[in-house]
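S.K.: I have a structure here, written as structure tokens, and I will follow up with some questions on it.
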Amino acid sequence: MEIDFRALLVILMSTALVNNYVLRQFLGVCPFLGVSKDIKSSACMGVSVTFVMLMAAAVTWPIQTFLLDPQGLGFMQTVVFILVIATLVQLVEVVLKRYMPALFASLGVYLPLMTTNCAVLAVTITNITGGHTYIESLVHALGAGLGFLLAMIIFTGIREQNENADPPESFKGIPITLISAAILSMAFFAFDGVIDNLFR
Amino acid sequence: MNIITTAIIATGIIGLISAVVITVASKLMFVKVDVRVAKIRNALPGANCGACGLSSCDSYAEALAKGETATNLCPPGGDAAFTLINEILEIARSDEAKFVKKTAIVHCLGDNATAHQKIEYVGIETCFAAQELYGGESACTFGCIGYGDCVRVCPDDAICVEDGLVRFDPRKCSGCGVCMDVCPTGVITVQLAPVTVAVKCKNTERGRVVKDKCTKGCIGCTKCVKECPVEAITVENSLAEIDYEKCTGCAKCVAVCVKKCLVKVEDAG
């Protein structure tokens, strides 16, 4: 099988930047706002999400293609995917606990959070609806994860700046955080057309 | 075969496989945990008050099993928990590492009758909110505001509000100090138990000003200082303060206090 690296790069860049899952599609906003207080936990969360997305895409694509579609069970997609992703996260947790206790200690809290993360589910479903091949699915998941990580880290930086800034009394706390998120989201709209022109 | 049956069977099989995989994985890759952690956790009260300096009773139990922290840091558990933890960890009970019981005192007698009212507060009924507005209803901004922020956080149910003043039950109080942290005026302190006498005022203003604001405020007359046989009382900023390391609890100062703000703790509760 021949692999079109250019097409893969387009998928990677477009999911990470142009169609950023958090800032353009508003999926996975909960951890984006909840775990972005300091750079360490947000980076940990971003890396774990990337990891889980990759694993989920790797497992759900074959299930859809070789199990659900031949049986005409496409409508069970959501249920089965949630089930599989939850299992997968649990499994990863057990394995990490056994073989990488240090990594488990730093990711420990965030892994269970991922079980029901809508961004993870969205990636796996988009893989199917987008008609991606297996390799493309993996690249798409990687791009989505990296985009999430990027958004998390940028937003953490902004929040740390907000801590030092002195906004008006009524904007302190959550309001200024949401406003910053909105501005960051608008900034990401500037990536529109980048991919088209970059890979022309 | 009916499509619904197929769907149920297929999902069931996937679920079953997932369950088996997780069970097998957790059996194969189980991690040895310290049995003492669970035992210590059971000995702790589970109030998660944070008085030990860790976020929860679970993390305190873990730290204890690793030997990272002292065994006498749990006030809600008291002497019983201290003894149990030492038994579990097989630490010999020495006199140096004795459990120190503490108790909280509210340094104010300004209830609705004694403290003069300055404004009428209508709003969110928390001390924190009331204090934001000109320091609360009472003319004295040092004293108890009386909306019971401390009552809500107390893990021992040892505090109640009566006539706009909080009162402690010294038998219930474990001295964890959570109330001290939430009190916006800082009128609560935690002292080594047993406390027999206490200065029930925190107002550092001049005597004359205090007199206008509260009938039981300390005016700094220094009568108690002269009376004290062990020199445990000092007056600074016209406010008496007791050094509990020196105080013997003879209560001679209580008898001479002009404003009756130096009281026996049992009396005030």
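Lettering and numbering for the structure tokens are positional, with chains as A, B, ... in the shown order, residues counted from 1 in each chain, and ligands counted from 1 in the shown order.
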Using only C-alpha atoms, determine which residues of chain A fall within 9 Å of chain B; present them as an MDAnalysis selection string.
M.R.: chainID A and resid 67:68 71:73 76 79:80 83:84 87:88 90:91 94:95 97:99
S.K.: As a PDB file with N, CA and C atoms, in the first residue's frame, please: the residues near Asp212 in chain B (cut-off 12 Å, only C-alpha atoms, same-chain neighbours under 5 positions excluded).
M.R.:
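Output below, filename out-v2.pdb:
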```
ATOM      1  N   THR B 114     -24.506  43.483  73.836  1.00  0.00           N
ATOM      2  CA  THR B 114     -23.335  44.212  74.320  1.00  0.00           C
ATOM      3  C   THR B 114     -22.657  45.068  73.253  1.00  0.00           C
ATOM      4  N   ALA B 115     -22.624  44.572  71.998  1.00  0.00           N
ATOM      5  CA  ALA B 115     -21.948  45.335  70.950  1.00  0.00           C
ATOM      6  C   ALA B 115     -22.936  46.282  70.285  1.00  0.00           C
ATOM      7  N   HIS B 116     -22.534  47.534  70.096  1.00  0.00           N
ATOM      8  CA  HIS B 116     -23.448  48.503  69.496  1.00  0.00           C
ATOM      9  C   HIS B 116     -23.526  48.310  68.000  1.00  0.00           C
ATOM     10  N   GLN B 117     -24.754  48.459  67.497  1.00  0.00           N
ATOM     11  CA  GLN B 117     -24.954  48.254  66.078  1.00  0.00           C
ATOM     12  C   GLN B 117     -24.645  49.537  65.318  1.00  0.00           C
ATOM     13  N   LYS B 118     -23.974  49.412  64.192  1.00  0.00           N
ATOM     14  CA  LYS B 118     -23.578  50.570  63.405  1.00  0.00           C
ATOM     15  C   LYS B 118     -24.474  50.728  62.184  1.00  0.00           C
ATOM     16  N   SER B 138     -21.792  45.364  63.412  1.00  0.00           N
ATOM     17  CA  SER B 138     -21.404  45.901  64.707  1.00  0.00           C
ATOM     18  C   SER B 138     -20.471  47.103  64.548  1.00  0.00           C
ATOM     19  N   ALA B 139     -20.519  48.006  65.524  1.00  0.00           N
ATOM     20  CA  ALA B 139     -19.628  49.164  65.486  1.00  0.00           C
ATOM     21  C   ALA B 139     -18.172  48.730  65.567  1.00  0.00           C
ATOM     22  N   CYS B 140     -17.928  47.619  66.283  1.00  0.00           N
ATOM     23  CA  CYS B 140     -16.562  47.098  66.419  1.00  0.00           C
ATOM     24  C   CYS B 140     -16.254  46.185  65.243  1.00  0.00           C
ATOM     25  N   GLU B 205      -8.193  49.175  69.531  1.00  0.00           N
ATOM     26  CA  GLU B 205      -8.350  50.637  69.566  1.00  0.00           C
ATOM     27  C   GLU B 205      -8.196  51.149  70.997  1.00  0.00           C
ATOM     28  N   ARG B 206      -8.135  52.478  71.144  1.00  0.00           N
ATOM     29  CA  ARG B 206      -7.951  53.072  72.476  1.00  0.00           C
ATOM     30  C   ARG B 206      -9.162  52.771  73.356  1.00  0.00           C
ATOM     31  N   GLY B 207      -8.925  52.731  74.640  1.00  0.00           N
ATOM     32  CA  GLY B 207      -9.965  52.363  75.602  1.00  0.00           C
ATOM     33  C   GLY B 207     -11.249  53.134  75.451  1.00  0.00           C
ATOM     34  N   GLY B 217     -15.776  45.335  75.945  1.00  0.00           N
ATOM     35  CA  GLY B 217     -14.511  45.363  75.224  1.00  0.00           C
ATOM     36  C   GLY B 217     -13.339  45.656  76.138  1.00  0.00           C
ATOM     37  N   CYS B 218     -12.175  45.081  75.834  1.00  0.00           N
ATOM     38  CA  CYS B 218     -10.972  45.324  76.639  1.00  0.00           C
ATOM     39  C   CYS B 218     -10.467  46.729  76.380  1.00  0.00           C
ATOM     40  N   ILE B 219     -10.292  47.495  77.488  1.00  0.00           N
ATOM     41  CA  ILE B 219      -9.858  48.883  77.336  1.00  0.00           C
ATOM     42  C   ILE B 219      -8.371  49.041  77.640  1.00  0.00           C
TER      43      ILE B 219
END
```
S.K.: Excluding same-chain residues fewer than 4 positions from Lys202 in chain B, what lies within 10 Å of it counting only C-alpha atoms, as a list in words?
M.R.: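 Once the nearby chain positions are removed, what remains is Val106, His107, Cys108, Leu109, Cys140, Thr141, Phe142, Gly143, Cys144, Thr185, Gly186, Val187, Ile188, Gly217, Cys218, Ser238, Leu239, Ala240 and Glu241 of chain B.
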S.K.: Rank nothing, just name the residue among B:Ala80, B:Cys150, B:Ile40, B:Val33 nearest to Phe128 in chain B, using only C-alpha atoms.
M.R.: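 Nearest candidate to Phe128 in chain B out of B:Ala80, B:Cys150, B:Ile40, B:Val33: B:Cys150.
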S.K.: Quick one: pull the distance between CA of Thr126 in chain A and CA of Leu23 in chain A, Å, one decimal.
M.R.: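 Interatomic distance, CA of Thr126 in chain A to CA of Leu23 in chain A: 16.5 Å.
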S.K.: Just the number, please: distance in Å from CA of Val35 in chain B to CA of Pro75 in chain B, one decimal.
M.R.: 23.6 Å
S.K.: So that I can check the surroundings of Val49 in chain A, please list as a PyMOL selection string every protein, DNA and RNA residue that reaches within 9 Å of it, counting only C-alpha atoms and ignoring chain neighbours fewer than 4 positions away.
M.R.: chain A and resi 44-45+53-54+110-111+114+117+119-120+145-146+148-149
S.K.: Those residues with N, CA and C atoms, as an mmCIF file, in the first residue's frame please?
M.R.:
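Written output follows (out16.cif):
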```
data_model
loop_
_atom_site.group_PDB
_atom_site.id
_atom_site.type_symbol
_atom_site.label_atom_id
_atom_site.label_comp_id
_atom_site.auth_asym_id
_atom_site.auth_seq_id
_atom_site.Cartn_x
_atom_site.Cartn_y
_atom_site.Cartn_z
ATOM 1 N N CYS A 44 0.253 17.722 31.131
ATOM 2 C CA CYS A 44 -0.044 16.318 31.424
ATOM 3 C C CYS A 44 -1.363 15.912 30.799
ATOM 4 N N MET A 45 -2.369 16.767 30.982
ATOM 5 C CA MET A 45 -3.698 16.482 30.433
ATOM 6 C C MET A 45 -3.625 16.397 28.913
ATOM 7 N N MET A 53 -6.526 9.462 22.541
ATOM 8 C CA MET A 53 -7.130 9.626 21.216
ATOM 9 C C MET A 53 -6.510 8.657 20.218
ATOM 10 N N LEU A 54 -5.180 8.561 20.250
ATOM 11 C CA LEU A 54 -4.482 7.650 19.336
ATOM 12 C C LEU A 54 -4.930 6.218 19.564
ATOM 13 N N TYR A 110 -6.045 12.439 35.655
ATOM 14 C CA TYR A 110 -6.595 12.887 34.389
ATOM 15 C C TYR A 110 -7.093 11.745 33.530
ATOM 16 N N LEU A 111 -6.521 10.561 33.727
ATOM 17 C CA LEU A 111 -6.926 9.437 32.883
ATOM 18 C C LEU A 111 -8.412 9.113 32.997
ATOM 19 N N MET A 114 -10.732 11.284 31.076
ATOM 20 C CA MET A 114 -10.754 11.143 29.629
ATOM 21 C C MET A 114 -11.812 10.165 29.158
ATOM 22 N N ASN A 117 -14.560 12.010 27.816
ATOM 23 C CA ASN A 117 -14.244 13.250 27.125
ATOM 24 C C ASN A 117 -14.861 13.235 25.729
ATOM 25 N N ALA A 119 -14.255 15.078 23.178
ATOM 26 C CA ALA A 119 -13.304 15.247 22.080
ATOM 27 C C ALA A 119 -12.786 13.890 21.603
ATOM 28 N N VAL A 120 -12.541 12.986 22.554
ATOM 29 C CA VAL A 120 -12.030 11.666 22.190
ATOM 30 C C VAL A 120 -13.063 10.918 21.344
ATOM 31 N N GLY A 145 -5.093 15.448 18.931
ATOM 32 C CA GLY A 145 -4.443 15.465 20.242
ATOM 33 C C GLY A 145 -3.452 16.605 20.365
ATOM 34 N N LEU A 146 -2.625 16.766 19.316
ATOM 35 C CA LEU A 146 -1.629 17.838 19.345
ATOM 36 C C LEU A 146 -2.307 19.200 19.380
ATOM 37 N N PHE A 148 -5.171 19.830 20.727
ATOM 38 C CA PHE A 148 -5.665 19.980 22.092
ATOM 39 C C PHE A 148 -4.536 20.429 23.017
ATOM 40 N N LEU A 149 -3.390 19.754 22.872
ATOM 41 C CA LEU A 149 -2.220 20.093 23.688
ATOM 42 C C LEU A 149 -1.815 21.549 23.460
#
```
